[in-house]
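To be precise, the following lines are final21.txt, and they hold compact mmCIF, C-alpha atoms and all ligand atoms.
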```
# COMPACT_ATOMS: atom_id res chain seq x y z
CA MET A 1 0.00 0.00 0.00
CA ASN A 2 1.24 3.51 -0.81
CA GLN A 3 2.52 4.88 2.54
CA SER A 4 1.86 8.51 1.61
CA HIS A 5 -1.81 7.63 1.88
CA CYS A 6 -1.76 5.91 5.22
CA PRO A 7 -5.34 5.02 6.18
CA ILE A 8 -5.02 6.93 9.45
CA THR A 9 -5.81 10.59 8.74
CA ASN A 10 -7.93 13.32 10.22
CA PHE A 11 -10.66 12.60 7.73
CA SER A 12 -10.55 9.02 8.84
CA ALA A 13 -11.07 10.12 12.41
CA ASP A 14 -13.53 12.95 11.81
CA PHE A 15 -15.81 11.38 9.22
CA ASP A 16 -18.75 9.52 10.76
CA PRO A 17 -20.40 7.78 7.77
CA LEU A 18 -23.62 7.17 9.70
CA ASP A 19 -24.09 10.77 10.79
CA LEU A 20 -26.14 12.26 7.97
CA ARG A 21 -27.13 15.54 9.67
CA ASP A 22 -24.78 17.81 7.68
CA PRO A 23 -22.13 15.86 5.78
CA PHE A 24 -21.47 18.59 3.19
CA PRO A 25 -18.79 20.82 4.83
CA LEU A 26 -16.43 17.94 5.64
CA LEU A 27 -16.91 16.41 2.19
CA ALA A 28 -16.09 19.74 0.52
CA VAL A 29 -12.74 19.85 2.34
CA ALA A 30 -12.09 16.18 1.54
CA ARG A 31 -12.69 16.81 -2.18
CA ARG A 32 -10.01 19.47 -2.04
CA GLU A 33 -7.46 17.96 0.32
CA GLN A 34 -7.84 14.20 0.39
CA PRO A 35 -10.43 13.07 -2.13
CA VAL A 36 -10.00 9.39 -1.30
CA PHE A 37 -9.58 8.39 2.35
CA TYR A 38 -10.14 5.41 4.59
CA SER A 39 -12.94 5.24 7.15
CA PRO A 40 -12.01 2.85 9.96
CA ALA A 41 -15.49 3.32 11.44
CA ILE A 42 -16.87 1.00 8.77
CA GLY A 43 -13.72 -0.28 7.04
CA TYR A 44 -14.50 1.42 3.71
CA TRP A 45 -12.49 3.67 1.38
CA VAL A 46 -14.44 6.88 0.89
CA VAL A 47 -14.45 8.44 -2.59
CA THR A 48 -15.60 12.06 -2.84
CA ARG A 49 -14.84 13.47 -6.30
CA TYR A 50 -17.26 13.30 -9.22
CA GLU A 51 -14.82 11.95 -11.84
CA ASP A 52 -13.57 9.21 -9.50
CA VAL A 53 -17.08 8.11 -8.52
CA LYS A 54 -18.18 8.02 -12.15
CA ALA A 55 -15.05 6.14 -13.26
CA ILE A 56 -15.71 3.50 -10.58
CA PHE A 57 -19.35 3.12 -11.65
CA ARG A 58 -18.17 2.79 -15.26
CA ASP A 59 -15.56 0.09 -14.54
CA HIS A 60 -17.89 -2.62 -13.26
CA GLU A 61 -15.28 -5.34 -13.80
CA THR A 62 -12.78 -3.90 -11.32
CA TYR A 63 -15.45 -2.51 -8.99
CA THR A 64 -18.46 -4.79 -8.65
CA ALA A 65 -21.74 -4.07 -6.87
CA ALA A 66 -21.50 -7.30 -4.86
CA ASN A 67 -21.37 -5.47 -1.50
CA THR A 68 -24.28 -3.05 -1.95
CA ILE A 69 -26.64 -5.00 0.30
CA SER A 70 -24.03 -6.35 2.72
CA PRO A 71 -24.84 -5.52 6.32
CA ILE A 72 -22.42 -2.93 7.75
CA VAL A 73 -22.39 -4.99 10.95
CA PRO A 74 -21.90 -8.59 9.76
CA PHE A 75 -24.70 -10.91 10.84
CA SER A 76 -24.06 -12.81 14.06
CA ASP A 77 -24.18 -16.60 14.14
CA ALA A 78 -27.56 -16.35 15.88
CA VAL A 79 -28.95 -14.25 13.00
CA ARG A 80 -27.51 -16.55 10.34
CA GLN A 81 -29.13 -19.47 12.13
CA MET A 82 -32.48 -17.67 12.23
CA LEU A 83 -32.26 -16.91 8.50
CA ALA A 84 -31.44 -20.52 7.67
CA VAL A 85 -34.26 -21.91 9.80
CA GLY A 86 -36.64 -19.28 8.38
CA ASP A 87 -35.75 -20.35 4.80
CA TYR A 88 -34.72 -16.76 3.96
CA ARG A 89 -33.42 -17.15 0.42
CA PRO A 90 -33.21 -13.85 -1.48
CA GLU A 91 -30.39 -14.09 -4.02
CA PRO A 92 -28.44 -11.40 -5.90
CA VAL A 93 -30.61 -10.28 -8.81
CA LEU A 94 -30.17 -6.51 -9.34
CA SER A 95 -28.39 -4.18 -6.89
CA ASN A 96 -25.75 -6.63 -5.63
CA ASN A 97 -25.56 -8.88 -8.65
CA VAL A 98 -22.80 -9.13 -11.29
CA PRO A 99 -22.82 -10.04 -14.99
CA PRO A 100 -23.78 -12.28 -16.67
CA SER A 101 -26.63 -13.01 -14.25
CA HIS A 102 -27.24 -9.27 -13.68
CA THR A 103 -27.31 -8.65 -17.44
CA ARG A 104 -29.95 -11.34 -17.99
CA ILE A 105 -32.23 -10.20 -15.17
CA ARG A 106 -31.74 -6.49 -15.74
CA ALA A 107 -32.72 -6.84 -19.42
CA LEU A 108 -36.07 -8.29 -18.31
CA VAL A 109 -36.67 -5.75 -15.53
CA ASN A 110 -35.82 -2.88 -17.93
CA ARG A 111 -38.81 -3.93 -19.99
CA LEU A 112 -41.10 -3.23 -17.01
CA PHE A 113 -40.10 0.40 -16.60
CA THR A 114 -40.33 1.70 -20.16
CA PRO A 115 -41.50 5.32 -20.62
CA ARG A 116 -44.59 3.97 -22.38
CA ARG A 117 -45.58 1.71 -19.50
CA MET A 118 -44.90 4.50 -17.00
CA LYS A 119 -47.10 6.85 -19.01
CA SER A 120 -49.92 4.34 -18.80
CA PHE A 121 -49.73 4.60 -14.99
CA ALA A 122 -49.77 8.43 -14.94
CA PRO A 123 -53.55 8.87 -14.40
CA ALA A 124 -53.53 6.44 -11.45
CA ILE A 125 -50.48 8.19 -9.96
CA ARG A 126 -52.24 11.57 -10.28
CA ALA A 127 -55.27 10.17 -8.49
CA ILE A 128 -53.08 8.82 -5.65
CA ALA A 129 -51.33 12.20 -5.30
CA GLU A 130 -54.61 14.13 -5.31
CA ARG A 131 -56.18 11.84 -2.74
CA GLY A 132 -53.16 12.20 -0.44
CA VAL A 133 -52.91 15.99 -0.75
CA ARG A 134 -56.65 16.56 -0.33
CA ARG A 135 -56.64 14.40 2.79
CA ILE A 136 -54.17 16.75 4.47
CA ARG A 137 -55.55 19.97 2.92
CA ASP A 138 -58.36 20.37 5.43
CA LYS A 139 -56.27 19.40 8.43
CA GLY A 140 -54.12 22.46 9.08
CA PRO A 141 -50.49 22.14 10.18
CA VAL A 142 -49.11 18.63 9.74
CA ASP A 143 -45.90 16.67 9.68
CA ILE A 144 -45.99 16.22 5.90
CA ALA A 145 -43.44 13.41 6.12
CA ALA A 146 -45.79 11.36 8.29
CA ALA A 147 -49.08 12.48 6.75
CA LEU A 148 -48.22 12.31 3.04
CA THR A 149 -44.73 11.53 1.78
CA TYR A 150 -44.05 8.45 3.95
CA GLU A 151 -46.75 6.44 2.24
CA TYR A 152 -47.29 8.17 -1.13
CA PRO A 153 -44.43 6.44 -3.04
CA ALA A 154 -45.48 3.09 -1.57
CA TYR A 155 -49.08 3.53 -2.81
CA VAL A 156 -47.70 4.36 -6.25
CA LEU A 157 -45.30 1.41 -6.25
CA PHE A 158 -47.92 -1.02 -4.97
CA HIS A 159 -50.26 0.09 -7.72
CA VAL A 160 -47.70 -0.57 -10.45
CA LEU A 161 -46.50 -3.86 -8.95
CA GLY A 162 -50.01 -5.09 -8.21
CA VAL A 163 -49.54 -5.33 -4.45
CA PRO A 164 -52.65 -4.74 -2.26
CA ALA A 165 -52.75 -1.10 -1.08
CA GLY A 166 -53.93 -2.25 2.34
CA ASP A 167 -50.50 -3.81 2.90
CA VAL A 168 -48.64 -0.47 2.63
CA PRO A 169 -48.22 0.13 6.41
CA LYS A 170 -46.97 -3.43 6.96
CA VAL A 171 -44.48 -3.37 4.07
CA LYS A 172 -43.26 0.15 4.93
CA ALA A 173 -42.44 -1.06 8.43
CA TRP A 174 -40.63 -4.14 7.09
CA ALA A 175 -38.66 -2.07 4.57
CA GLY A 176 -37.59 0.49 7.18
CA ASN A 177 -36.51 -2.37 9.42
CA ARG A 178 -34.47 -3.93 6.59
CA ILE A 179 -32.66 -0.63 5.95
CA LYS A 180 -31.71 -0.29 9.62
CA LEU A 181 -30.53 -3.90 9.72
CA TYR A 182 -28.33 -3.68 6.62
CA TYR A 183 -27.25 -0.02 6.52
CA GLY A 184 -27.25 0.95 10.22
CA ARG A 185 -25.27 -0.24 13.18
CA PRO A 186 -27.64 -2.41 15.25
CA SER A 187 -26.51 -4.02 18.49
CA ALA A 188 -26.53 -7.85 18.70
CA ASP A 189 -29.98 -7.82 20.34
CA GLU A 190 -31.36 -5.30 17.85
CA GLN A 191 -30.04 -7.44 14.99
CA ILE A 192 -32.00 -10.41 16.28
CA ALA A 193 -35.17 -8.33 16.77
CA MET A 194 -34.85 -6.91 13.24
CA THR A 195 -34.30 -10.36 11.76
CA ARG A 196 -37.61 -11.44 13.29
CA HIS A 197 -39.28 -8.78 11.09
CA LEU A 198 -37.21 -9.69 8.03
CA LEU A 199 -38.50 -13.25 7.84
CA PRO A 200 -42.22 -12.40 7.43
CA PHE A 201 -41.23 -9.85 4.74
CA TRP A 202 -39.56 -12.63 2.70
CA ARG A 203 -42.49 -15.02 3.26
CA TYR A 204 -44.81 -12.22 2.09
CA VAL A 205 -43.02 -11.73 -1.25
CA VAL A 206 -42.79 -15.48 -1.86
CA ALA A 207 -46.55 -15.78 -1.29
CA LEU A 208 -47.18 -12.74 -3.51
CA VAL A 209 -45.23 -14.26 -6.40
CA ALA A 210 -47.07 -17.58 -5.98
CA GLU A 211 -50.40 -15.73 -6.07
CA LYS A 212 -49.44 -13.81 -9.22
CA GLU A 213 -48.34 -17.01 -10.86
CA ARG A 214 -51.72 -18.54 -10.07
CA ALA A 215 -53.69 -15.50 -11.24
CA PRO A 216 -51.62 -12.98 -13.26
CA GLN A 217 -53.05 -9.47 -13.61
CA ASP A 218 -52.24 -6.18 -15.32
CA ASP A 219 -49.22 -5.25 -13.22
CA LEU A 220 -45.42 -5.41 -13.35
CA THR A 221 -45.10 -8.48 -11.09
CA SER A 222 -47.39 -10.42 -13.42
CA ASP A 223 -45.39 -9.09 -16.39
CA LEU A 224 -42.25 -10.71 -14.93
CA ILE A 225 -44.10 -13.98 -14.51
CA ARG A 226 -45.34 -13.78 -18.10
CA MET A 227 -41.78 -13.11 -19.34
CA ARG A 228 -40.59 -16.17 -17.44
CA ASP A 229 -43.25 -18.30 -19.08
CA GLY A 230 -42.44 -21.23 -16.81
CA ASP A 231 -38.79 -21.33 -17.93
CA ASP A 232 -36.17 -21.25 -15.15
CA ALA A 233 -33.47 -20.45 -17.71
CA VAL A 234 -35.25 -17.14 -18.31
CA LEU A 235 -35.98 -16.35 -14.67
CA THR A 236 -36.66 -18.55 -11.63
CA LEU A 237 -39.51 -17.95 -9.20
CA ASN A 238 -36.94 -17.35 -6.47
CA GLU A 239 -35.30 -14.68 -8.65
CA ILE A 240 -38.68 -13.01 -9.10
CA ALA A 241 -39.24 -13.04 -5.32
CA SER A 242 -35.73 -11.60 -4.88
CA CYS A 243 -36.56 -8.83 -7.37
CA MET A 244 -39.76 -8.13 -5.47
CA ILE A 245 -38.10 -7.73 -2.08
CA THR A 246 -35.53 -5.42 -3.72
CA LEU A 247 -38.24 -3.33 -5.38
CA LEU A 248 -40.34 -3.26 -2.22
CA VAL A 249 -37.46 -1.51 -0.44
CA ALA A 250 -35.66 0.43 -3.20
CA GLY A 251 -38.90 1.59 -4.79
CA HIS A 252 -40.30 3.79 -2.03
CA GLU A 253 -37.82 4.53 0.82
CA THR A 254 -35.58 6.35 -1.67
CA THR A 255 -38.43 8.34 -3.16
CA THR A 256 -39.95 9.30 0.20
CA ALA A 257 -36.58 10.65 1.33
CA GLN A 258 -35.98 12.45 -2.00
CA ILE A 259 -39.34 14.21 -1.88
CA ASN A 260 -38.67 15.24 1.74
CA ASN A 261 -35.24 16.58 0.80
CA ALA A 262 -36.76 18.56 -2.06
CA LEU A 263 -39.56 20.02 0.08
CA LEU A 264 -37.14 20.95 2.86
CA HIS A 265 -34.87 22.92 0.53
CA LEU A 266 -37.57 24.47 -1.65
CA LEU A 267 -39.44 25.68 1.42
CA THR A 268 -36.31 26.80 3.29
CA ARG A 269 -35.48 29.11 0.38
CA ARG A 270 -39.07 29.80 -0.33
CA GLU A 271 -38.49 31.91 -3.45
CA HIS A 272 -37.82 28.59 -5.19
CA TRP A 273 -41.20 27.21 -4.08
CA GLU A 274 -42.94 30.36 -5.30
CA ALA A 275 -41.12 30.12 -8.62
CA LEU A 276 -42.45 26.58 -9.10
CA CYS A 277 -46.01 27.48 -8.14
CA ALA A 278 -45.87 30.31 -10.70
CA ALA A 279 -44.36 28.09 -13.41
CA PRO A 280 -45.01 24.38 -12.68
CA GLU A 281 -43.50 23.40 -16.01
CA ARG A 282 -40.14 23.98 -14.30
CA ILE A 283 -40.79 21.17 -11.79
CA PRO A 284 -38.90 18.40 -13.62
CA ARG A 285 -35.75 20.54 -13.80
CA ALA A 286 -36.20 21.64 -10.21
CA LEU A 287 -36.41 18.01 -9.10
CA GLU A 288 -33.27 17.15 -11.02
CA GLU A 289 -31.47 19.99 -9.26
CA MET A 290 -32.83 18.82 -5.91
CA MET A 291 -31.44 15.34 -6.59
CA ARG A 292 -28.09 16.89 -7.40
CA TYR A 293 -28.16 19.13 -4.33
CA ASP A 294 -29.27 16.53 -1.78
CA PRO A 295 -29.60 12.99 -3.20
CA SER A 296 -31.58 10.65 -0.96
CA VAL A 297 -29.19 7.81 -1.73
CA CYS A 298 -26.33 9.88 -0.39
CA ALA A 299 -23.70 7.15 -0.69
CA TRP A 300 -23.53 3.82 -2.50
CA ARG A 301 -21.07 0.98 -2.40
CA ARG A 302 -18.70 -0.97 -4.61
CA LEU A 303 -16.26 -3.82 -4.02
CA ALA A 304 -12.78 -3.63 -5.60
CA VAL A 305 -12.14 -7.13 -6.90
CA ALA A 306 -8.65 -6.28 -8.21
CA ALA A 307 -5.92 -3.98 -6.91
CA SER A 308 -6.14 -0.51 -8.44
CA ALA A 309 -5.38 3.15 -7.81
CA ILE A 310 -8.02 5.84 -7.40
CA ASN A 311 -6.76 9.40 -7.65
CA GLY A 312 -3.26 8.22 -6.72
CA VAL A 313 -4.40 6.15 -3.74
CA ASP A 314 -3.60 2.44 -3.86
CA ILE A 315 -6.71 0.35 -3.33
CA PRO A 316 -6.09 -3.31 -2.53
CA ALA A 317 -8.11 -6.15 -4.01
CA GLY A 318 -11.06 -6.91 -1.74
CA ALA A 319 -11.40 -3.30 -0.54
CA ASN A 320 -14.85 -1.89 0.12
CA LEU A 321 -15.60 1.53 -1.36
CA LEU A 322 -18.16 4.09 -0.24
CA LEU A 323 -18.98 6.37 -3.15
CA MET A 324 -20.26 9.70 -1.84
CA LEU A 325 -22.95 10.63 -4.37
CA ASN A 326 -23.81 13.72 -2.31
CA SER A 327 -20.20 14.89 -2.61
CA ALA A 328 -19.81 14.01 -6.30
CA ASN A 329 -22.98 16.00 -7.00
CA ARG A 330 -21.45 19.04 -5.29
CA ASP A 331 -18.08 18.75 -6.99
CA GLU A 332 -17.23 22.28 -8.08
CA ALA A 333 -15.21 20.90 -11.01
CA VAL A 334 -18.48 19.77 -12.61
CA PHE A 335 -21.17 21.91 -10.97
CA PRO A 336 -20.03 25.53 -10.44
CA GLU A 337 -21.47 27.17 -7.32
CA PRO A 338 -22.38 23.70 -6.05
CA ASP A 339 -24.04 24.91 -2.83
CA GLU A 340 -26.50 27.09 -4.75
CA ILE A 341 -29.86 25.83 -5.99
CA LEU A 342 -29.95 26.66 -9.71
CA PHE A 343 -32.75 25.03 -11.71
CA GLU A 344 -31.23 26.20 -14.98
CA ARG A 345 -27.88 24.44 -14.75
CA GLY A 346 -26.84 23.33 -18.23
CA ASN A 347 -25.52 19.93 -17.14
CA LEU A 348 -28.19 18.68 -14.72
CA LYS A 349 -28.32 15.36 -16.56
CA GLU A 350 -24.81 14.66 -15.26
CA GLN A 351 -25.94 14.40 -11.64
CA LEU A 352 -25.37 10.97 -10.06
CA ALA A 353 -28.34 10.56 -7.70
CA PHE A 354 -29.52 7.51 -9.67
CA GLY A 355 -26.02 6.06 -10.02
CA TYR A 356 -24.41 5.40 -13.39
CA GLY A 357 -23.59 2.49 -15.69
CA ILE A 358 -25.00 -1.01 -15.66
CA HIS A 359 -26.74 -0.62 -12.27
CA TYR A 360 -28.25 2.82 -13.04
CA CYS A 361 -31.53 3.00 -11.11
CA VAL A 362 -34.07 0.95 -13.03
CA GLY A 363 -36.92 2.80 -11.30
CA ALA A 364 -35.71 6.29 -12.29
CA PRO A 365 -38.53 6.89 -14.83
CA LEU A 366 -41.14 6.00 -12.19
CA ALA A 367 -39.42 8.06 -9.48
CA ARG A 368 -39.20 11.12 -11.72
CA LEU A 369 -42.84 10.80 -12.76
CA GLU A 370 -44.28 10.31 -9.27
CA MET A 371 -42.18 13.07 -7.70
CA ALA A 372 -43.19 15.55 -10.42
CA VAL A 373 -46.86 14.62 -10.08
CA LEU A 374 -46.77 15.15 -6.31
CA LEU A 375 -45.02 18.52 -6.54
CA GLU A 376 -47.45 19.68 -9.24
CA THR A 377 -50.36 18.67 -7.02
CA LEU A 378 -48.90 20.40 -3.96
CA CYS A 379 -48.17 23.59 -5.93
CA ARG A 380 -51.73 23.63 -7.22
CA GLU A 381 -53.58 22.64 -4.04
CA LEU A 382 -51.35 24.13 -1.33
CA PRO A 383 -49.36 27.02 -2.84
CA GLY A 384 -49.19 28.65 0.61
CA LEU A 385 -47.11 25.74 1.94
CA ARG A 386 -44.34 26.78 4.32
CA LEU A 387 -42.12 25.18 6.95
CA THR A 388 -43.13 25.57 10.58
CA PRO A 389 -40.32 27.72 11.96
CA GLY A 390 -37.91 26.52 14.63
CA GLN A 391 -38.17 22.77 14.04
CA ALA A 392 -35.17 20.47 14.37
CA ILE A 393 -34.48 18.43 11.24
CA GLU A 394 -33.40 14.90 12.10
CA TYR A 395 -31.99 12.01 10.11
CA THR A 396 -31.78 8.28 10.84
CA ARG A 397 -28.25 7.00 11.50
CA ASN A 398 -27.25 4.88 8.49
CA ILE A 399 -24.72 5.10 5.66
CA SER A 400 -26.87 5.44 2.55
CA PHE A 401 -30.37 6.88 2.90
CA ARG A 402 -30.71 10.56 3.77
CA GLY A 403 -34.02 12.36 4.25
CA PRO A 404 -35.59 14.27 7.15
CA VAL A 405 -37.54 12.01 9.47
CA SER A 406 -40.23 14.63 9.95
CA LEU A 407 -41.10 17.93 8.29
CA ARG A 408 -43.70 20.13 9.94
CA VAL A 409 -45.52 22.43 7.51
CA THR A 410 -48.35 24.89 7.52
CA TRP A 411 -50.20 26.80 4.76
C1 LIG A 501 -35.67 9.35 -6.06
C2 LIG A 501 -35.76 8.05 -5.92
C3 LIG A 501 -34.63 7.09 -6.16
C4 LIG A 501 -33.28 7.26 -6.02
C5 LIG A 501 -32.54 8.51 -5.57
C6 LIG A 501 -32.65 6.01 -6.41
C7 LIG A 501 -31.29 5.80 -6.44
C8 LIG A 501 -30.68 4.64 -6.84
C9 LIG A 501 -29.26 4.41 -6.87
C10 LIG A 501 -28.20 5.40 -6.45
C11 LIG A 501 -29.05 3.15 -7.32
C12 LIG A 501 -27.71 2.44 -7.49
C13 LIG A 501 -27.20 2.63 -8.89
C14 LIG A 501 -25.83 2.03 -9.11
O1 LIG A 501 -25.42 1.11 -8.38
O2 LIG A 501 -25.16 2.48 -10.07
C15 LIG A 501 -30.35 2.58 -7.60
C16 LIG A 501 -30.54 1.30 -8.08
C17 LIG A 501 -31.78 0.71 -8.13
N1 LIG A 501 -33.00 1.31 -7.95
FE1 LIG A 501 -33.32 3.24 -7.45
N2 LIG A 501 -33.62 5.13 -6.76
C18 LIG A 501 -34.85 5.73 -6.63
C19 LIG A 501 -36.09 5.19 -6.92
C20 LIG A 501 -36.30 3.90 -7.30
C21 LIG A 501 -37.59 3.32 -7.61
C22 LIG A 501 -38.90 4.08 -7.62
C23 LIG A 501 -37.38 2.00 -7.89
C24 LIG A 501 -38.33 0.92 -8.30
C25 LIG A 501 -39.54 1.10 -8.72
C26 LIG A 501 -35.95 1.75 -7.78
C27 LIG A 501 -35.33 0.54 -7.99
C28 LIG A 501 -33.97 0.36 -8.08
C29 LIG A 501 -33.36 -0.92 -8.38
C30 LIG A 501 -34.08 -2.24 -8.60
C31 LIG A 501 -31.98 -0.69 -8.43
C32 LIG A 501 -30.89 -1.71 -8.75
C33 LIG A 501 -30.65 -1.69 -10.26
C34 LIG A 501 -29.52 -2.60 -10.71
O3 LIG A 501 -28.65 -2.93 -9.89
O4 LIG A 501 -29.52 -3.00 -11.89
N3 LIG A 501 -35.34 2.92 -7.42
N4 LIG A 501 -31.31 3.50 -7.31
```
Could I get this structure in the form of C-alpha cells?
Amino acid sequence: MNQSHCPITNFSADFDPLDLRDPFPLLAVARREQPVFYSPAIGYWVVTRYEDVKAIFRDHETYTAANTISPIVPFSDAVRQMLAVGDYRPEPVLSNNVPPSHTRIRALVNRLFTPRRMKSFAPAIRAIAERGVRRIRDKGPVDIAAALTYEYPAYVLFHVLGVPAGDVPKVKAWAGNRIKLYYGRPSADEQIAMTRHLLPFWRYVVALVAEKERAPQDDLTSDLIRMRDGDDAVLTLNEIASCMITLLVAGHETTTAQINNALLHLLTRREHWEALCAAPERIPRALEEMMRYDPSVCAWRRLAVAASAINGVDIPAGANLLLMLNSANRDEAVFPEPDEILFERGNLKEQLAFGYGIHYCVGAPLARLEMAVLLETLCRELPGLRLTPGQAIEYTRNISFRGPVSLRVTW
C-alpha cells in the first residue's frame, strides 16, 4: 500500500459515515485535500470526487456491486441461524448482482419500466397524489413526512407492482426495518429483533409471487411472470421473489426521502417554491437539481475485486468503497457554485443521484414521474405551503439513505 496515503488521517477520524445531519462541509474539504480516504469506522475507502465516482461506476469489472446490500455490521451466528431456519433465500438479482446473471435479469426488468408503461400509470399516480394531498388539505399544520410523503411512493409502487394497497403500512415497516438492519449499526440484540421482522417480509413476497403465478393481472409483477413463461433459464420464481423484495425496499424509501429533501430545501429558500407554483413546467428541472443538491441515496457501495489506484491512492483487491454521491454531485469541477440551488444548470443530466452504468436506477422513470406529479399537485392545491419555523431536522443513522424524518408544515 502507498505509505503517503496511510489510512489513518484526520478525515478518517472525523468522518462519521452514519451521521447524515450535515455531511457537506467535511466532504467539501475532503474533495479538495484528500479526495479518497479510509474510514475505519466501517472499514471502507471513501471516494468524494465526481470523476472518481463516475469512473468506478463505469468500470464494473474492477469494482463490482456485490457489496451493496451487505450488512455494515456482519450478521451474528444467531442471526444466520435464524435466517437458515426461516428459509430466507433472497439471491443477488439486481443491486448486488454481477454479470452475466445481472445482465440477464436487468434486461427483463428494464422492460417493465419503459417510458410507455410508466405513461400508462400516470392517471392512477395523479389520483393517488390528489387523494393524499386533499386528505391533508383540510387538516391544518401537519408533519408532511408522516401524513403524506411516507406512504405516497409506496401507494404508487404497490399500484404498479399489483400489491394490495392495504399492505402499505406493513411493508413500509418491514422495509424500514431492513434498511436499519443492513445499513445501520444495530446491536446484537437489535439485529435479532430486526431479523424477526425480516423473515415475514420474505415469506410475504414469496406468497405474492405464488399468487401472481396462479392469477396474473395487469401489473409489473405479473409481467415478470409472463416473461418467465415457466422457464427457469429465463428467470426462476426465487429470482422473481428476490426482485420483489428489492423493489419493495428500493422503490419507495428512496423516493420518500428524496421528496422530503426537495420540500425541505424548496421551502427553506421559499423563493424557489414560489417560482415553481408560478411556473409548474419547471418542476422536472427543479427536481433534477434537488437530486443533485441533496440525493436521498447519499452514498452507495462498490467492491474492488482487483488492486487498483483511485486518484493516486492504492486500493487493494477486496477493498470496500463508499462512493459519496452527495459529494460528487457538489463537486465544483463539474457543478459551479455547487451549494446554490440553480434550476437552470446546463448539465443537470450529469448528476449521479440515480447512479451510473449497468446498475443505473431501473426505477428512475417512475421516481421522476411520481415526484413531479406530487409537486405539481402540492403547488396547485397548497401554494401557501411553508415550513413551521424553529423545528429540528433529524436524520436516521445509516450510511446510505438521507431524508428528514419529519417535516412540519403549515399553509
Ligand atoms: C428518487 C428516488 C430514487 C433514487 C434517488 C434512487 C437511487 C438509486 C441508486 C443510487 C441506485 C444504485 C445505482 C448504481 O449502483 O449504479 C439505484 C438502483 C436501483 N434502484 Fe433506485 N432510486 C430511486 C427510486 C427507485 C424506484 C422508484 C425504484 C423501483 C420502482 C428503484 C429501484 C432500483 C433498483 C431495482 C436498483 C438496482 C438496479 C440494478 O442494480 O440494476 N429505485 N437506485
Residues within 8 Å of region 165-180 of chain A, all atoms listed in the file, excluding chain neighbours under 5 positions, as JSON, numbers by chain: {"A": [151, 154, 155, 158, 159, 185, 186, 194, 197, 198, 201, 248, 249, 253, 398]}
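The closest residue to Ala127 (chain A), picked from A:Leu348, A:Met227, A:Val156, A:Ile192 and counting all atoms listed in the file, is A:Val156.
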In Å, rounded to a single decimal, give me how far atom C22 of ligand LIG 501 (chain A) is from CA of Arg408 (chain A).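 Distance reported for this atom pair: 24.3 Å.
The two atoms in question, CA of Ala333 (chain A) and CA of Asp52 (chain A), are spaced 11.9 Å apart.
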At a cut-off of 8 Å, using only C-alpha atoms, what residues contact region 305-308 of chain A? Leave out same-chain residues fewer than 6 positions from it and give the result as a PyMOL selection string. chain A and resi 61-64+314-319
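The space separating CA of Glu130 (chain A) from CA of Thr268 (chain A) comes to 23.9 Å.
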Please determine the residues with any atom at most 12 Å from (-9.6, 8.5, 2.2) (coordinates as given in the file, with only C-alpha atoms counting) and report them as a ChimeraX atom specification. /A:4-15,27,29-40,43-49,310-315,320-324
Close residues, region 366-369 of chain A itself excluded, 12 Å, only C-alpha atoms, min 2 positions apart in chain, as a ChimeraX atom specification: /A:110,112-126,129,152-154,156-157,159-161,247,250-259,283-288,290-291,296,353-354,361-364,371-376
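For the set A:Ile225, A:Leu325, A:Val142, A:Leu263, the residue with the smallest atom-to-atom gap to ligand LIG 501 (chain A) is A:Leu325, counting all atoms listed in the file.
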Counting only C-alpha atoms and all ligand atoms, the option among A:Arg80, A:Arg137, A:His102, A:Arg203 closest to ligand LIG 501 (chain A):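 Using only C-alpha atoms and all ligand atoms, ligand LIG 501 (chain A) sits closest to A:His102.
Minimum distance to ligand LIG 501 (chain A) across A:Gly346, A:Pro100, A:Pro23, A:Gly132 (counting only C-alpha atoms and all ligand atoms) occurs at A:Pro100.
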Which residue out of A:Glu239, A:Asp294, A:Asp339, A:Glu213 has the minimum interatomic distance to Arg89 (chain A) when all atoms listed in the file are used?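 Of the candidates, the smallest distance to Arg89 (chain A) is held by A:Glu239.
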Go through A:Ala233, A:Val93, A:Ala215, A:Ala241 and flag the residue nearest ligand LIG 501 (chain A), using only C-alpha atoms and all ligand atoms for the distances.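 Among A:Ala233, A:Val93, A:Ala215, A:Ala241, it is A:Val93 that comes nearest to ligand LIG 501 (chain A).
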I'd like the neighbourhood of Arg135 (chain A) as a VMD selection string, where a residue qualifies if any of its atoms comes within 12 Å (using only C-alpha atoms), though same-chain residues fewer than 4 positions away should be ignored. chain A and resid 128 to 131 139 to 140 142 144 147 to 148 152 378 381 to 382
Identify the residues around (-39.2, -20.4, -10.3) within a radius of 12 Å, measuring from only C-alpha atoms in the coordinates stated by the file, and give them as an mmCIF file with C-alpha atoms, in the frame of the given file.
```cif
data_model
loop_
_atom_site.group_PDB
_atom_site.id
_atom_site.type_symbol
_atom_site.label_atom_id
_atom_site.label_comp_id
_atom_site.auth_asym_id
_atom_site.auth_seq_id
_atom_site.Cartn_x
_atom_site.Cartn_y
_atom_site.Cartn_z
ATOM 1 C CA VAL A 206 -42.790 -15.480 -1.860
ATOM 2 C CA VAL A 209 -45.230 -14.260 -6.400
ATOM 3 C CA ALA A 210 -47.070 -17.580 -5.980
ATOM 4 C CA GLU A 213 -48.340 -17.010 -10.860
ATOM 5 C CA LEU A 224 -42.250 -10.710 -14.930
ATOM 6 C CA ILE A 225 -44.100 -13.980 -14.510
ATOM 7 C CA ARG A 226 -45.340 -13.780 -18.100
ATOM 8 C CA MET A 227 -41.780 -13.110 -19.340
ATOM 9 C CA ARG A 228 -40.590 -16.170 -17.440
ATOM 10 C CA ASP A 229 -43.250 -18.300 -19.080
ATOM 11 C CA GLY A 230 -42.440 -21.230 -16.810
ATOM 12 C CA ASP A 231 -38.790 -21.330 -17.930
ATOM 13 C CA ASP A 232 -36.170 -21.250 -15.150
ATOM 14 C CA ALA A 233 -33.470 -20.450 -17.710
ATOM 15 C CA VAL A 234 -35.250 -17.140 -18.310
ATOM 16 C CA LEU A 235 -35.980 -16.350 -14.670
ATOM 17 C CA THR A 236 -36.660 -18.550 -11.630
ATOM 18 C CA LEU A 237 -39.510 -17.950 -9.200
ATOM 19 C CA ASN A 238 -36.940 -17.350 -6.470
ATOM 20 C CA GLU A 239 -35.300 -14.680 -8.650
ATOM 21 C CA ILE A 240 -38.680 -13.010 -9.100
ATOM 22 C CA ALA A 241 -39.240 -13.040 -5.320
ATOM 23 C CA SER A 242 -35.730 -11.600 -4.880
#
```
